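As provided, model-v3.pdb (PDB, C-alpha atoms and all ligand atoms) reads as follows.
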MODEL        1
ATOM      1  CA  MET U   1     -49.524 -40.380  -7.132  1.00  0.00           C
ATOM      2  CA  ARG U   2     -52.678 -42.432  -7.393  1.00  0.00           C
ATOM      3  CA  HIS U   3     -55.917 -40.907  -8.681  1.00  0.00           C
ATOM      4  CA  PHE U   4     -59.469 -42.237  -8.593  1.00  0.00           C
ATOM      5  CA  TYR U   5     -62.367 -40.763 -10.542  1.00  0.00           C
ATOM      6  CA  VAL U   6     -65.933 -41.947  -9.942  1.00  0.00           C
ATOM      7  CA  LYS U   7     -68.681 -40.540 -12.126  1.00  0.00           C
ATOM      8  CA  SER U   8     -71.765 -39.298 -10.293  1.00  0.00           C
ATOM      9  CA  THR U   9     -74.534 -39.810 -12.855  1.00  0.00           C
ATOM     10  CA  ILE U  10     -77.314 -38.117 -10.869  1.00  0.00           C
ATOM     11  CA  GLY U  11     -75.401 -36.467  -7.986  1.00  0.00           C
ATOM     12  CA  LYS U  12     -77.322 -33.327  -6.975  1.00  0.00           C
ATOM     13  CA  THR U  13     -75.677 -30.036  -8.040  1.00  0.00           C
ATOM     14  CA  CYS U  14     -77.286 -27.883  -5.379  1.00  0.00           C
ATOM     15  CA  GLY U  15     -76.841 -28.415  -1.656  1.00  0.00           C
ATOM     16  CA  ASP U  16     -80.517 -28.462  -0.650  1.00  0.00           C
ATOM     17  CA  PHE U  17     -80.594 -32.202   0.087  1.00  0.00           C
ATOM     18  CA  ASN U  18     -81.088 -33.855   3.470  1.00  0.00           C
ATOM     19  CA  LEU U  19     -78.010 -35.567   4.932  1.00  0.00           C
ATOM     20  CA  ASN U  20     -80.296 -38.422   6.023  1.00  0.00           C
ATOM     21  CA  ASP U  21     -81.281 -39.061   2.401  1.00  0.00           C
ATOM     22  CA  THR U  22     -77.989 -39.276   0.476  1.00  0.00           C
ATOM     23  CA  ALA U  23     -79.101 -42.386  -1.446  1.00  0.00           C
ATOM     24  CA  GLY U  24     -82.369 -40.698  -2.492  1.00  0.00           C
ATOM     25  CA  GLY U  25     -82.731 -36.922  -2.631  1.00  0.00           C
ATOM     26  CA  ALA U  26     -78.970 -36.331  -2.979  1.00  0.00           C
ATOM     27  CA  GLY U  27     -78.809 -38.433  -6.171  1.00  0.00           C
ATOM     28  CA  ARG U  28     -76.776 -41.406  -4.888  1.00  0.00           C
ATOM     29  CA  LEU U  29     -74.067 -39.275  -3.294  1.00  0.00           C
ATOM     30  CA  ASP U  30     -73.771 -42.204  -0.859  1.00  0.00           C
ATOM     31  CA  ILE U  31     -71.804 -43.999  -3.628  1.00  0.00           C
ATOM     32  CA  ILE U  32     -69.394 -41.066  -3.868  1.00  0.00           C
ATOM     33  CA  ALA U  33     -68.989 -40.815  -0.068  1.00  0.00           C
ATOM     34  CA  ARG U  34     -68.171 -44.536   0.190  1.00  0.00           C
ATOM     35  CA  SER U  35     -65.755 -44.274  -2.751  1.00  0.00           C
ATOM     36  CA  ILE U  36     -63.969 -41.354  -1.058  1.00  0.00           C
ATOM     37  CA  ASN U  37     -63.670 -43.416   2.130  1.00  0.00           C
ATOM     38  CA  SER U  38     -62.138 -46.343   0.177  1.00  0.00           C
ATOM     39  CA  ALA U  39     -59.813 -44.085  -1.822  1.00  0.00           C
ATOM     40  CA  LEU U  40     -58.388 -42.036   1.040  1.00  0.00           C
ATOM     41  CA  TRP U  41     -58.586 -43.810   4.375  1.00  0.00           C
ATOM     42  CA  LEU U  42     -56.122 -46.128   6.043  1.00  0.00           C
ATOM     43  CA  SER U  43     -56.556 -47.308   9.616  1.00  0.00           C
ATOM     44  CA  HIS U  44     -55.834 -44.161  11.721  1.00  0.00           C
ATOM     45  CA  SER U  45     -54.516 -42.059   8.824  1.00  0.00           C
ATOM     46  CA  LEU U  46     -55.142 -40.748   5.323  1.00  0.00           C
ATOM     47  CA  ARG U  47     -53.458 -41.739   2.090  1.00  0.00           C
ATOM     48  CA  ARG U  48     -51.574 -38.526   1.325  1.00  0.00           C
ATOM     49  CA  ASP U  49     -50.531 -39.819  -2.122  1.00  0.00           C
ATOM     50  CA  VAL U  50     -54.116 -40.232  -3.389  1.00  0.00           C
ATOM     51  CA  ASN U  51     -56.378 -37.672  -5.061  1.00  0.00           C
ATOM     52  CA  PHE U  52     -60.077 -38.345  -5.586  1.00  0.00           C
ATOM     53  CA  HIS U  53     -62.161 -36.823  -8.379  1.00  0.00           C
ATOM     54  CA  THR U  54     -65.846 -36.820  -9.211  1.00  0.00           C
ATOM     55  CA  ILE U  55     -68.142 -34.924 -11.554  1.00  0.00           C
ATOM     56  CA  LEU U  56     -71.758 -34.488 -10.487  1.00  0.00           C
ATOM     57  CA  PHE U  57     -74.112 -34.690 -13.442  1.00  0.00           C
ATOM     58  CA  GLY U  58     -77.428 -34.357 -11.567  1.00  0.00           C
ATOM     59  CA  GLU U  59     -79.828 -31.413 -11.621  1.00  0.00           C
ATOM     60  CA  PRO U  60     -80.050 -28.419 -11.386  1.00  0.00           C
ATOM     61  CA  ASN U  61     -76.583 -27.113 -12.336  1.00  0.00           C
ATOM     62  CA  PRO U  62     -74.352 -29.812 -13.917  1.00  0.00           C
ATOM     63  CA  PRO U  63     -71.525 -30.497 -14.352  1.00  0.00           C
ATOM     64  CA  ILE U  64     -69.834 -29.727 -11.023  1.00  0.00           C
ATOM     65  CA  TYR U  65     -66.326 -31.135 -10.655  1.00  0.00           C
ATOM     66  CA  ILE U  66     -64.991 -31.890  -7.154  1.00  0.00           C
ATOM     67  CA  GLU U  67     -61.388 -32.786  -6.351  1.00  0.00           C
ATOM     68  CA  ILE U  68     -60.062 -33.998  -2.987  1.00  0.00           C
ATOM     69  CA  VAL U  69     -56.296 -33.719  -2.572  1.00  0.00           C
ATOM     70  CA  GLY U  70     -55.128 -36.327  -0.055  1.00  0.00           C
ATOM     71  CA  ASP U  71     -52.045 -34.340   0.895  1.00  0.00           C
ATOM     72  CA  LYS U  72     -54.035 -31.238   1.819  1.00  0.00           C
ATOM     73  CA  VAL U  73     -57.364 -32.476   3.130  1.00  0.00           C
ATOM     74  CA  ARG U  74     -58.042 -31.700   6.804  1.00  0.00           C
ATOM     75  CA  LYS U  75     -60.775 -32.270   9.393  1.00  0.00           C
ATOM     76  CA  VAL U  76     -62.837 -34.793   7.379  1.00  0.00           C
ATOM     77  CA  GLN U  77     -63.827 -37.956   9.258  1.00  0.00           C
ATOM     78  CA  PRO U  78     -64.161 -41.327   7.485  1.00  0.00           C
ATOM     79  CA  ASP U  79     -67.883 -41.881   8.075  1.00  0.00           C
ATOM     80  CA  GLU U  80     -70.259 -41.389   5.137  1.00  0.00           C
ATOM     81  CA  ARG U  81     -72.256 -38.648   6.827  1.00  0.00           C
ATOM     82  CA  ASN U  82     -69.202 -36.530   7.607  1.00  0.00           C
ATOM     83  CA  ILE U  83     -67.752 -36.998   4.123  1.00  0.00           C
ATOM     84  CA  THR U  84     -71.123 -35.967   2.653  1.00  0.00           C
ATOM     85  CA  ILE U  85     -71.105 -32.766   4.735  1.00  0.00           C
ATOM     86  CA  PHE U  86     -67.868 -31.778   2.955  1.00  0.00           C
ATOM     87  CA  ILE U  87     -69.277 -32.704  -0.480  1.00  0.00           C
ATOM     88  CA  LYS U  88     -72.302 -30.532   0.348  1.00  0.00           C
ATOM     89  CA  LYS U  89     -69.983 -27.614   1.206  1.00  0.00           C
ATOM     90  CA  ALA U  90     -68.124 -28.126  -2.099  1.00  0.00           C
ATOM     91  CA  ILE U  91     -71.468 -27.845  -3.931  1.00  0.00           C
ATOM     92  CA  GLU U  92     -72.770 -24.884  -1.897  1.00  0.00           C
ATOM     93  CA  ARG U  93     -69.493 -22.927  -2.286  1.00  0.00           C
ATOM     94  CA  PHE U  94     -69.217 -23.706  -6.019  1.00  0.00           C
ATOM     95  CA  ASN U  95     -68.223 -20.568  -7.932  1.00  0.00           C
ATOM     96  CA  GLU U  96     -69.069 -20.423 -11.635  1.00  0.00           C
ATOM     97  CA  GLY U  97     -66.080 -18.268 -12.522  1.00  0.00           C
ATOM     98  CA  ARG U  98     -63.350 -19.720 -10.323  1.00  0.00           C
ATOM     99  CA  PHE U  99     -61.967 -23.101  -9.266  1.00  0.00           C
ATOM    100  CA  THR U 100     -62.449 -22.766  -5.493  1.00  0.00           C
ATOM    101  CA  GLN U 101     -60.987 -24.397  -2.402  1.00  0.00           C
ATOM    102  CA  THR U 102     -64.201 -24.956  -0.473  1.00  0.00           C
ATOM    103  CA  THR U 103     -62.598 -26.506   2.643  1.00  0.00           C
ATOM    104  CA  PRO U 104     -58.926 -27.471   3.187  1.00  0.00           C
ATOM    105  CA  GLY U 105     -57.873 -29.789   0.332  1.00  0.00           C
ATOM    106  CA  ILE U 106     -61.311 -29.931  -1.312  1.00  0.00           C
ATOM    107  CA  TYR U 107     -62.000 -27.966  -4.501  1.00  0.00           C
ATOM    108  CA  SER U 108     -64.962 -27.459  -6.813  1.00  0.00           C
ATOM    109  CA  GLY U 109     -65.440 -25.800 -10.166  1.00  0.00           C
ATOM    110  CA  ARG U 110     -66.959 -26.067 -13.615  1.00  0.00           C
ATOM    111  CA  ARG U 111     -65.108 -28.790 -15.476  1.00  0.00           C
ATOM    112  CA  THR U 112     -66.273 -31.343 -18.036  1.00  0.00           C
ATOM    113  CA  PHE U 113     -65.018 -34.918 -18.176  1.00  0.00           C
ATOM    114  CA  ASP U 114     -62.814 -34.082 -21.215  1.00  0.00           C
ATOM    115  CA  GLU U 115     -61.334 -31.080 -19.387  1.00  0.00           C
ATOM    116  CA  MET U 116     -60.556 -33.139 -16.285  1.00  0.00           C
ATOM    117  CA  ILE U 117     -58.803 -35.816 -18.369  1.00  0.00           C
ATOM    118  CA  GLU U 118     -56.859 -33.186 -20.369  1.00  0.00           C
ATOM    119  CA  LYS U 119     -55.733 -31.559 -17.113  1.00  0.00           C
ATOM    120  CA  HIS U 120     -54.274 -34.922 -15.988  1.00  0.00           C
ATOM    121  CA  LYS U 121     -52.876 -35.996 -19.344  1.00  0.00           C
ATOM    122  CA  ASP U 122     -49.479 -36.735 -17.767  1.00  0.00           C
ATOM    123  CA  CYS U 123     -51.058 -39.614 -15.835  1.00  0.00           C
ATOM    124  CA  ASP U 124     -51.558 -43.146 -17.115  1.00  0.00           C
ATOM    125  CA  PHE U 125     -55.292 -43.779 -17.442  1.00  0.00           C
ATOM    126  CA  TYR U 126     -57.013 -47.062 -16.551  1.00  0.00           C
ATOM    127  CA  LEU U 127     -60.717 -47.522 -17.274  1.00  0.00           C
ATOM    128  CA  LEU U 128     -62.231 -50.059 -14.885  1.00  0.00           C
ATOM    129  CA  SER U 129     -64.456 -52.413 -16.825  1.00  0.00           C
ATOM    130  CA  GLU U 130     -65.534 -56.020 -16.277  1.00  0.00           C
ATOM    131  CA  GLY U 131     -64.690 -56.753 -19.916  1.00  0.00           C
ATOM    132  CA  GLY U 132     -61.152 -55.304 -19.840  1.00  0.00           C
ATOM    133  CA  ALA U 133     -57.800 -57.076 -19.580  1.00  0.00           C
ATOM    134  CA  ASP U 134     -57.243 -58.928 -16.297  1.00  0.00           C
ATOM    135  CA  ILE U 135     -55.440 -56.632 -13.842  1.00  0.00           C
ATOM    136  CA  SER U 136     -52.760 -59.259 -13.229  1.00  0.00           C
ATOM    137  CA  ASP U 137     -51.782 -58.957 -16.911  1.00  0.00           C
ATOM    138  CA  VAL U 138     -51.622 -55.143 -16.888  1.00  0.00           C
ATOM    139  CA  GLY U 139     -48.652 -53.231 -15.504  1.00  0.00           C
ATOM    140  CA  ILE U 140     -50.044 -50.381 -13.388  1.00  0.00           C
ATOM    141  CA  SER U 141     -47.798 -47.304 -13.358  1.00  0.00           C
ATOM    142  CA  ASP U 142     -46.856 -45.230 -10.288  1.00  0.00           C
ATOM    143  CA  ASN U 143     -48.874 -42.350 -11.728  1.00  0.00           C
ATOM    144  CA  ALA U 144     -52.160 -44.172 -12.270  1.00  0.00           C
ATOM    145  CA  PHE U 145     -55.498 -42.443 -12.850  1.00  0.00           C
ATOM    146  CA  PHE U 146     -58.358 -44.938 -12.404  1.00  0.00           C
ATOM    147  CA  ILE U 147     -61.742 -44.168 -13.965  1.00  0.00           C
ATOM    148  CA  LEU U 148     -64.941 -45.823 -12.699  1.00  0.00           C
ATOM    149  CA  GLY U 149     -68.687 -45.598 -13.196  1.00  0.00           C
ATOM    150  CA  ASP U 150     -71.161 -45.385 -10.328  1.00  0.00           C
ATOM    151  CA  LYS U 151     -74.457 -47.254 -10.563  1.00  0.00           C
ATOM    152  CA  GLU U 152     -74.031 -46.903 -14.320  1.00  0.00           C
ATOM    153  CA  ASP U 153     -70.981 -47.385 -16.485  1.00  0.00           C
ATOM    154  CA  LEU U 154     -69.449 -44.520 -18.475  1.00  0.00           C
ATOM    155  CA  THR U 155     -71.208 -43.414 -21.670  1.00  0.00           C
ATOM    156  CA  ALA U 156     -69.839 -44.281 -25.131  1.00  0.00           C
ATOM    157  CA  GLU U 157     -68.710 -40.630 -25.491  1.00  0.00           C
ATOM    158  CA  GLU U 158     -66.795 -40.743 -22.205  1.00  0.00           C
ATOM    159  CA  ILE U 159     -65.204 -44.070 -23.158  1.00  0.00           C
ATOM    160  CA  ALA U 160     -64.111 -42.493 -26.468  1.00  0.00           C
ATOM    161  CA  VAL U 161     -62.386 -39.680 -24.506  1.00  0.00           C
ATOM    162  CA  CYS U 162     -60.607 -42.293 -22.358  1.00  0.00           C
ATOM    163  CA  GLU U 163     -59.458 -44.118 -25.491  1.00  0.00           C
ATOM    164  CA  LYS U 164     -58.214 -40.873 -27.048  1.00  0.00           C
ATOM    165  CA  TYR U 165     -55.970 -40.394 -23.993  1.00  0.00           C
ATOM    166  CA  GLY U 166     -54.669 -43.971 -24.189  1.00  0.00           C
ATOM    167  CA  ALA U 167     -56.633 -45.468 -21.287  1.00  0.00           C
ATOM    168  CA  LYS U 168     -56.212 -49.210 -20.784  1.00  0.00           C
ATOM    169  CA  LYS U 169     -59.362 -51.169 -19.936  1.00  0.00           C
ATOM    170  CA  VAL U 170     -58.716 -53.132 -16.756  1.00  0.00           C
ATOM    171  CA  SER U 171     -60.877 -55.879 -15.253  1.00  0.00           C
ATOM    172  CA  LEU U 172     -61.030 -57.160 -11.681  1.00  0.00           C
ATOM    173  CA  GLY U 173     -62.961 -60.199 -12.908  1.00  0.00           C
ATOM    174  CA  LYS U 174     -66.337 -60.855 -14.489  1.00  0.00           C
ATOM    175  CA  VAL U 175     -68.379 -60.080 -11.353  1.00  0.00           C
ATOM    176  CA  PRO U 176     -69.749 -56.498 -11.254  1.00  0.00           C
ATOM    177  CA  TYR U 177     -68.622 -54.931  -7.961  1.00  0.00           C
ATOM    178  CA  LEU U 178     -69.509 -51.688  -6.226  1.00  0.00           C
ATOM    179  CA  SER U 179     -67.249 -48.769  -7.220  1.00  0.00           C
ATOM    180  CA  SER U 180     -66.066 -48.373  -3.598  1.00  0.00           C
ATOM    181  CA  HIS U 181     -65.145 -52.070  -3.404  1.00  0.00           C
ATOM    182  CA  CYS U 182     -63.137 -51.817  -6.656  1.00  0.00           C
ATOM    183  CA  ILE U 183     -61.226 -48.842  -5.203  1.00  0.00           C
ATOM    184  CA  GLY U 184     -60.536 -50.662  -1.926  1.00  0.00           C
ATOM    185  CA  PHE U 185     -59.261 -53.666  -3.856  1.00  0.00           C
ATOM    186  CA  LEU U 186     -57.053 -51.514  -6.113  1.00  0.00           C
ATOM    187  CA  ASN U 187     -55.482 -49.722  -3.138  1.00  0.00           C
ATOM    188  CA  VAL U 188     -54.636 -52.987  -1.374  1.00  0.00           C
ATOM    189  CA  TYR U 189     -53.480 -54.647  -4.626  1.00  0.00           C
ATOM    190  CA  LEU U 190     -51.109 -51.744  -5.391  1.00  0.00           C
ATOM    191  CA  ASP U 191     -49.862 -51.493  -1.786  1.00  0.00           C
ATOM    192  CA  ARG U 192     -48.937 -55.162  -1.907  1.00  0.00           C
ATOM    193  CA  ALA U 193     -47.182 -54.773  -5.264  1.00  0.00           C
ATOM    194  CA  THR U 194     -45.153 -51.871  -3.825  1.00  0.00           C
ATOM    195  CA  GLU U 195     -44.263 -53.878  -0.688  1.00  0.00           C
ATOM    196  CA  LYS U 196     -43.160 -56.803  -2.848  1.00  0.00           C
ATOM    197  CA  LYS U 197     -40.991 -54.528  -5.032  1.00  0.00           C
ATOM    198  CA  SER U 198     -39.234 -53.096  -1.975  1.00  0.00           C
ATOM    199  CA  VAL U 199     -38.400 -56.628  -0.686  1.00  0.00           C
ATOM    200  CA  ASP U 200     -37.077 -57.885  -4.107  1.00  0.00           C
TER     201      ASP U 200
HETATM  202  C1  LIG J   1     -71.686 -50.894  -9.867  1.00  0.00           C
HETATM  203  S1  LIG J   1     -70.569 -50.945 -11.235  1.00  0.00           S
HETATM  204  C2  LIG J   1     -71.554 -50.318 -12.575  1.00  0.00           C
HETATM  205  C3  LIG J   1     -72.555 -51.206 -13.106  1.00  0.00           C
HETATM  206  C4  LIG J   1     -72.051 -52.594 -13.507  1.00  0.00           C
HETATM  207  N1  LIG J   1     -71.198 -52.512 -14.696  1.00  0.00           N
HETATM  208  C5  LIG J   1     -73.230 -53.511 -13.767  1.00  0.00           C
HETATM  209  O1  LIG J   1     -73.420 -53.967 -14.880  1.00  0.00           O
HETATM  210  O2  LIG J   1     -73.968 -53.733 -12.817  1.00  0.00           O
HETATM  211  C6  LIG J   1     -69.557 -49.544 -10.914  1.00  0.00           C
HETATM  212  C7  LIG J   1     -68.260 -49.423 -11.664  1.00  0.00           C
HETATM  213  O3  LIG J   1     -67.277 -50.223 -11.024  1.00  0.00           O
HETATM  214  C8  LIG J   1     -66.360 -50.724 -11.977  1.00  0.00           C
HETATM  215  N2  LIG J   1     -66.413 -52.198 -11.902  1.00  0.00           N
HETATM  216  C9  LIG J   1     -67.350 -52.955 -11.282  1.00  0.00           C
HETATM  217  N3  LIG J   1     -67.033 -54.257 -11.351  1.00  0.00           N
HETATM  218  C10 LIG J   1     -65.855 -54.336 -12.010  1.00  0.00           C
HETATM  219  C11 LIG J   1     -64.997 -55.416 -12.387  1.00  0.00           C
HETATM  220  N4  LIG J   1     -65.302 -56.678 -12.115  1.00  0.00           N
HETATM  221  N5  LIG J   1     -63.849 -55.123 -13.050  1.00  0.00           N
HETATM  222  C12 LIG J   1     -63.526 -53.836 -13.332  1.00  0.00           C
HETATM  223  N6  LIG J   1     -64.300 -52.777 -12.998  1.00  0.00           N
HETATM  224  C13 LIG J   1     -65.448 -53.014 -12.357  1.00  0.00           C
HETATM  225  C14 LIG J   1     -66.762 -50.181 -13.342  1.00  0.00           C
HETATM  226  O4  LIG J   1     -66.023 -49.002 -13.608  1.00  0.00           O
HETATM  227  C15 LIG J   1     -68.247 -49.856 -13.123  1.00  0.00           C
HETATM  228  O5  LIG J   1     -68.688 -48.820 -13.968  1.00  0.00           O
ENDMDL
END

How would this structure read if it were set down as structure tokens?
Amino acid sequence: MRHFYVKSTIGKTCGDFNLNDTAGGAGRLDIIARSINSALWLSHSLRRDVNFHTILFGEPNPPIYIEIVGDKVRKVQPDERNITIFIKKAIERFNEGRFTQTTPGIYSGRRTFDEMIEKHKDCDFYLLSEGGADISDVGISDNAFFILGDKEDLTAEEIAVCEKYGAKKVSLGKVPYLSSHCIGFLNVYLDRATEKKSVD
């Protein structure tokens, strides 16, 4: 399995935003929609071995955790608008008392960053950071859980949680890239490593 988490620093936690204003009124949910596209889509199919995670920390009801399970997701199209419609449903159908499947393969519930990491403690965590060790020097496991910021990096408290769970800091170089571009690169980089292993 491959997991990607992208923090949503100001992602709106009520569904009253306009789908034509995802970069404004929705609290930069455009970043999350693009990251989901990069995490899950191949040409003509979905990556069934990838799960995507985000936590929305915007007003009025944070934190809302959303998980997309690649193996179960259905009906979502790869364009940003369509992906955002499904994020909106995950927010609108959020249930305080119960982790809920809001549409096939998409779930929402109340979960903090620490709780999400604890729930996936069997994974190997990698914190994406320009200042980390070069990816070519880090062995990436087959059960990788990648953690990324959005327009802002993680807070010191969140980084401390990552460190507590043994996360390795991994760099794709000194240039700061968009979260969605980092995810696209990681998917291709790992696909190529897998292809190479199967030839050797
Ligand atoms: C748009 S960047 C965040 C802000 C960026 N650190 C800056 O100073 O402009 C989004 C996230 O992508 C990841 N990221 C961006 N560039 C990276 C790189 N060169 N190596 C590793 N991770 C990177 C980090 O997790 C970062 O929090």

Quick one: what's the axis-aligned box for ligand LIG 1 (chain J), all listed atoms, 5 Å on every side, centre and edges in Å to one decimal, as AutoDock Vina command-line options?
--center_x -68.7 --center_y -52.7 --center_z -12.4 --size_x 20.4 --size_y 17.9 --size_z 15.0

Discussion item. Given the PyMOL selection byres (((not hetatm)) within 12 of (chain J and resi 1)) and the file above, list the residues it selects as a PyMOL selection string.
Written reply: chain U and resi 4-9+28+31-32+35+126-136+146-155+158-159+168-186

Practice prompt. Could you check which of U:Arg98, U:Lys75, U:Lys164, U:Lys12 is closest to Glu59 in chain U, using only C-alpha atoms?
Written response: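 Closest to Glu59 in chain U of all the choices is U:Lys12.
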
Worksheet item: Any chance you could work out the residue set of the PyMOL selection byres (((chain U and resi 23-27) around 9) and not hetatm) here, as a ChimeraX atom specification?
Response: /U:8-22,28-31,58-59

Counting all atoms listed in the file, what is within 12 Å of Asp191 in chain U, bar same-chain residues fewer than 4 positions away, as an mmCIF file with C-alpha atoms, in the coordinates of the input?
data_model
loop_
_atom_site.group_PDB
_atom_site.id
_atom_site.type_symbol
_atom_site.label_atom_id
_atom_site.label_comp_id
_atom_site.auth_asym_id
_atom_site.auth_seq_id
_atom_site.Cartn_x
_atom_site.Cartn_y
_atom_site.Cartn_z
ATOM 1 C CA ARG U 2 -52.678 -42.432 -7.393
ATOM 2 C CA LEU U 42 -56.122 -46.128 6.043
ATOM 3 C CA ARG U 47 -53.458 -41.739 2.090
ATOM 4 C CA ASP U 49 -50.531 -39.819 -2.122
ATOM 5 C CA ILE U 140 -50.044 -50.381 -13.388
ATOM 6 C CA ASP U 142 -46.856 -45.230 -10.288
ATOM 7 C CA GLY U 184 -60.536 -50.662 -1.926
ATOM 8 C CA PHE U 185 -59.261 -53.666 -3.856
ATOM 9 C CA LEU U 186 -57.053 -51.514 -6.113
ATOM 10 C CA ASN U 187 -55.482 -49.722 -3.138
ATOM 11 C CA GLU U 195 -44.263 -53.878 -0.688
ATOM 12 C CA LYS U 196 -43.160 -56.803 -2.848
ATOM 13 C CA LYS U 197 -40.991 -54.528 -5.032
ATOM 14 C CA SER U 198 -39.234 -53.096 -1.975
#

Worksheet item: Which residues fall under the PyMOL selection byres (((chain U and resi 116) around 10) and not hetatm) in this file, as a list in words?
Response: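 Selected by the PyMOL selection byres (((chain U and resi 116) around 10) and not hetatm) in this file: Tyr5, His53, Thr54, Ile55, Tyr65, Glu67, Arg110, Arg111, Thr112, Phe113, Asp114, Glu115, Ile117, Glu118, Lys119, His120 and Lys121 of chain U.
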
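Between CA of Leu40 in chain U and CA of Asp79 in chain U there is a distance of 11.8 Å.
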
Practice prompt. Could you jot down the CA of Pro63 in chain U to CA of Phe86 in chain U separation for me, Å, one decimal place?
Written response: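 So the answer is 17.7 Å.
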